[in-house]
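Participant: Okay, here's the structure, questions in a sec.
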Amino acid sequence: MKKGGNNFAFIDSQNLNLSIQDQGWKLDQIKFRTYLREKYAVTKAYVFIGYMEENKDLYKSLQEYGYVLIFKPTLRYKDGTTKGNCDAELVLQAMIDYREYDKAVIVSGDGDFHCLADYLVKNNKLECVLIPNRRKFSALLKKINKSDKKYLNFMTDLRAKLELKKKKAL
């Protein structure tokens with residue numbers, strides 16, 4: 001367990017969940033919140049997520065697990081797909097809270113966060129970028145690694161620790 005620290009996590013919910021599902025498993029949100037607390041000393045974990053009325057129970061559960069949810073209205077398209085891009089909200093919240101945390105943990109493989117990660121590195125405020133899928137993430141994120149410090153960490157190898165296990169029938 002990492003001692004001390006007051007680190008904040010900024011979680012791109014859509015990137016996290018789609019990347020994990022693409023690898024054939026489902027994330028246990030309780031275990032993940034515990035992992036963030038123990039591994040990275042995360043005291044506040046923001047989840048940036050598109051709001052859909054039918055997911056109210058999910059949102060309530062996430063809040064009970066210790067996440068702070070930041071919602072963005074979603075757009076429903078004629079083809080049935082729904083979009084709720086939260087990238088700007090994540091960057092904005094990281095800057096609003098800048099003086100409140102020691103280091104930031106960005107959870108996403110999206111290259112749109114390169115500028116934020118780069119800024120945080122230059123100001124000694126980035127703990128890491130936690131990328132959900134080692135095989136599918138933006139090459140832009142590779143540019144934030146410095147020769148003396150590696151900022152990219154991957155969830156690919158954490159399946160055994162963080163996978164949601166199916167409940168056994170009685």
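Within each chain, counting starts at residue 1; across the structure tokens, chains are named A, B, ... in the order shown, with ligands numbered 1 upward in that order.
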Using only C-alpha atoms, which protein or nucleic acid residues come within 12 Å of Leu36 in chain A? Drop anything in the same chain fewer than 3 positions from it, and give the result as a ChimeraX atom specification.
Facilitator: /A:1-2,6-11,29-33,39-46,66-67,104-107,127-128,130,155,162
Participant: Mind writing the picked residues with N, CA and C atoms as a compact mmCIF listing (two decimals), in the first residue's frame?
Facilitator:
```txt
# COMPACT_ATOMS: atom_id res chain seq x y z
N MET A 1 0.83 -1.18 0.00
CA MET A 1 0.00 0.00 0.00
C MET A 1 0.88 1.25 0.00
N LYS A 2 0.53 2.19 -0.83
CA LYS A 2 1.26 3.44 -0.90
C LYS A 2 0.86 4.30 0.29
N ASN A 6 -2.11 12.55 -1.42
CA ASN A 6 -3.46 13.02 -1.66
C ASN A 6 -3.62 13.13 -3.17
N ASN A 7 -3.72 11.98 -3.81
CA ASN A 7 -3.80 11.94 -5.27
C ASN A 7 -5.24 11.81 -5.72
N PHE A 8 -5.54 12.40 -6.88
CA PHE A 8 -6.87 12.33 -7.46
C PHE A 8 -6.79 11.52 -8.74
N ALA A 9 -7.82 10.70 -8.98
CA ALA A 9 -7.94 9.96 -10.25
C ALA A 9 -8.99 10.64 -11.11
N PHE A 10 -8.69 10.72 -12.39
CA PHE A 10 -9.60 11.29 -13.39
C PHE A 10 -9.86 10.19 -14.40
N ILE A 11 -11.05 9.60 -14.35
CA ILE A 11 -11.36 8.37 -15.08
C ILE A 11 -12.28 8.65 -16.25
N GLN A 29 -15.89 -2.60 -10.10
CA GLN A 29 -15.69 -1.21 -9.72
C GLN A 29 -15.28 -1.05 -8.25
N ILE A 30 -15.71 -1.94 -7.40
CA ILE A 30 -15.31 -1.88 -5.98
C ILE A 30 -13.82 -2.20 -5.86
N LYS A 31 -13.39 -3.26 -6.50
CA LYS A 31 -11.97 -3.64 -6.46
C LYS A 31 -11.10 -2.56 -7.09
N PHE A 32 -11.61 -1.94 -8.16
CA PHE A 32 -10.84 -0.90 -8.84
C PHE A 32 -10.66 0.32 -7.94
N ARG A 33 -11.72 0.71 -7.21
CA ARG A 33 -11.60 1.86 -6.31
C ARG A 33 -10.60 1.55 -5.20
N LYS A 39 -2.81 1.43 -4.34
CA LYS A 39 -1.64 1.50 -5.23
C LYS A 39 -1.16 2.93 -5.46
N TYR A 40 -2.10 3.87 -5.61
CA TYR A 40 -1.75 5.23 -6.01
C TYR A 40 -2.14 6.31 -4.99
N ALA A 41 -2.58 5.91 -3.81
CA ALA A 41 -2.97 6.86 -2.76
C ALA A 41 -4.04 7.84 -3.25
N VAL A 42 -5.02 7.32 -4.02
CA VAL A 42 -6.09 8.15 -4.56
C VAL A 42 -7.14 8.38 -3.48
N THR A 43 -7.32 9.64 -3.12
CA THR A 43 -8.31 10.02 -2.13
C THR A 43 -9.64 10.43 -2.77
N LYS A 44 -9.58 10.89 -4.02
CA LYS A 44 -10.79 11.27 -4.74
C LYS A 44 -10.67 10.70 -6.15
N ALA A 45 -11.71 9.96 -6.57
CA ALA A 45 -11.72 9.33 -7.89
C ALA A 45 -12.94 9.83 -8.66
N TYR A 46 -12.67 10.69 -9.63
CA TYR A 46 -13.73 11.21 -10.49
C TYR A 46 -13.99 10.23 -11.63
N GLY A 66 -17.57 4.99 -3.71
CA GLY A 66 -16.58 6.02 -3.42
C GLY A 66 -16.14 6.86 -4.60
N TYR A 67 -16.82 6.75 -5.71
CA TYR A 67 -16.49 7.57 -6.87
C TYR A 67 -17.30 8.87 -6.85
N ALA A 104 -1.85 13.48 -10.03
CA ALA A 104 -3.04 13.01 -10.75
C ALA A 104 -2.77 11.64 -11.37
N VAL A 105 -3.81 10.82 -11.37
CA VAL A 105 -3.82 9.55 -12.08
C VAL A 105 -4.90 9.70 -13.15
N ILE A 106 -4.49 9.64 -14.41
CA ILE A 106 -5.44 9.72 -15.51
C ILE A 106 -5.71 8.31 -15.98
N VAL A 107 -6.98 7.90 -16.01
CA VAL A 107 -7.33 6.55 -16.43
C VAL A 107 -7.98 6.63 -17.80
N GLU A 127 1.10 11.39 -11.47
CA GLU A 127 1.52 10.10 -10.91
C GLU A 127 1.66 9.10 -12.05
N CYS A 128 0.60 8.96 -12.86
CA CYS A 128 0.67 8.07 -14.02
C CYS A 128 -0.56 8.22 -14.89
N LEU A 130 -2.96 5.56 -16.38
CA LEU A 130 -3.32 4.15 -16.25
C LEU A 130 -4.15 3.77 -17.46
N MET A 155 -3.56 -1.69 -17.34
CA MET A 155 -4.50 -2.54 -16.62
C MET A 155 -4.61 -3.93 -17.22
N LEU A 162 -8.70 -7.48 -10.76
CA LEU A 162 -9.79 -6.50 -10.88
C LEU A 162 -11.03 -6.99 -11.63
```
Participant: What is the distance between CA of Lys161 in chain A and CA of Asp12 in chain A, in Å to one decimal?
Facilitator: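 Between CA of Lys161 in chain A and CA of Asp12 in chain A the gap works out to 20.2 Å.
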Participant: Give the strand (DSSP E) residues of range 57-144 of chain A, as DSSP finds them on the backbone, and put them as an MDAnalysis selection string.
Facilitator: chainID A and resid 67:73 75:76 82:83 104:107 126:131
Participant: Would you kindly return, as a ChimeraX atom specification, each protein, DNA or RNA residue with an atom no farther than 9 Å from any atom of Leu126 in chain A, considering only C-alpha atoms and excluding same-chain residues fewer than 6 positions away?
Facilitator: /A:102-106,117-120,151
Participant: May I ask which of the residues A:Phe48, A:Tyr65, A:Trp25, A:Tyr77 is the closest one to Leu92 in chain A, counting only C-alpha atoms?
Facilitator: A:Phe48
Participant: Quick one: residues within 10 Å of range 141-144 of chain A, only C-alpha atoms counted, chain neighbours fewer than 5 positions away excluded, as a list in words?
Facilitator: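 Surrounding residues, per the criterion: Ser108, Gly109, Asp110, Gly111, Asp112, Phe113, His114, Cys115, Ala117, Asp118, Tyr119, Leu120, Val121, Lys122, Cys128, Val129, Ile131, Lys149, Lys150, Tyr151 and Leu152 of chain A.
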Participant: For the alpha helix (DSSP H) assignment from backbone DSSP, which residues of range 93-142 of chain A qualify? Please present them as a ChimeraX atom specification.
Facilitator: /A:93-96,114-122
Participant: So which residues touch Ile20 in chain A within 10 Å, counting only C-alpha atoms, skipping near sequence neighbours fewer than 6 positions away, as an MDAnalysis selection string?
Facilitator: chainID A and resid 14 26:27 131:133 155:156 159 163
Participant: Those same residues - N, CA and C atoms - I'd like them written as a tab-separated table (two decimals), in the first residue's frame.
Facilitator:
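Writing the result to part19.tsv gives the following:
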```tsv
chain	number	residue	atom	x	y	z
A	14	GLN	N	-15.96	5.86	-20.42
A	14	GLN	CA	-16.23	5.15	-21.67
A	14	GLN	C	-14.97	4.44	-22.18
A	26	LYS	N	-14.94	-7.91	-17.49
A	26	LYS	CA	-15.68	-6.80	-16.94
A	26	LYS	C	-15.00	-6.35	-15.66
A	27	LEU	N	-14.89	-5.05	-15.48
A	27	LEU	CA	-14.20	-4.48	-14.33
A	27	LEU	C	-15.09	-4.49	-13.09
A	131	ILE	N	-3.55	3.01	-18.36
A	131	ILE	CA	-4.15	2.69	-19.64
A	131	ILE	C	-4.84	1.32	-19.55
A	132	PRO	N	-6.13	1.27	-19.92
A	132	PRO	CA	-6.88	0.03	-19.79
A	132	PRO	C	-6.40	-1.12	-20.67
A	133	ASN	N	-5.92	-0.84	-21.88
A	133	ASN	CA	-5.55	-1.90	-22.82
A	133	ASN	C	-4.17	-1.62	-23.40
A	155	MET	N	-3.56	-1.69	-17.34
A	155	MET	CA	-4.50	-2.54	-16.62
A	155	MET	C	-4.61	-3.93	-17.22
A	156	THR	N	-4.03	-4.15	-18.38
A	156	THR	CA	-4.14	-5.42	-19.09
A	156	THR	C	-3.75	-6.59	-18.20
A	159	ARG	N	-6.15	-8.24	-14.75
A	159	ARG	CA	-7.43	-8.93	-14.88
A	159	ARG	C	-7.72	-9.81	-13.66
A	163	GLU	N	-11.03	-8.23	-12.07
A	163	GLU	CA	-12.17	-8.72	-12.84
A	163	GLU	C	-13.38	-8.96	-11.94
```
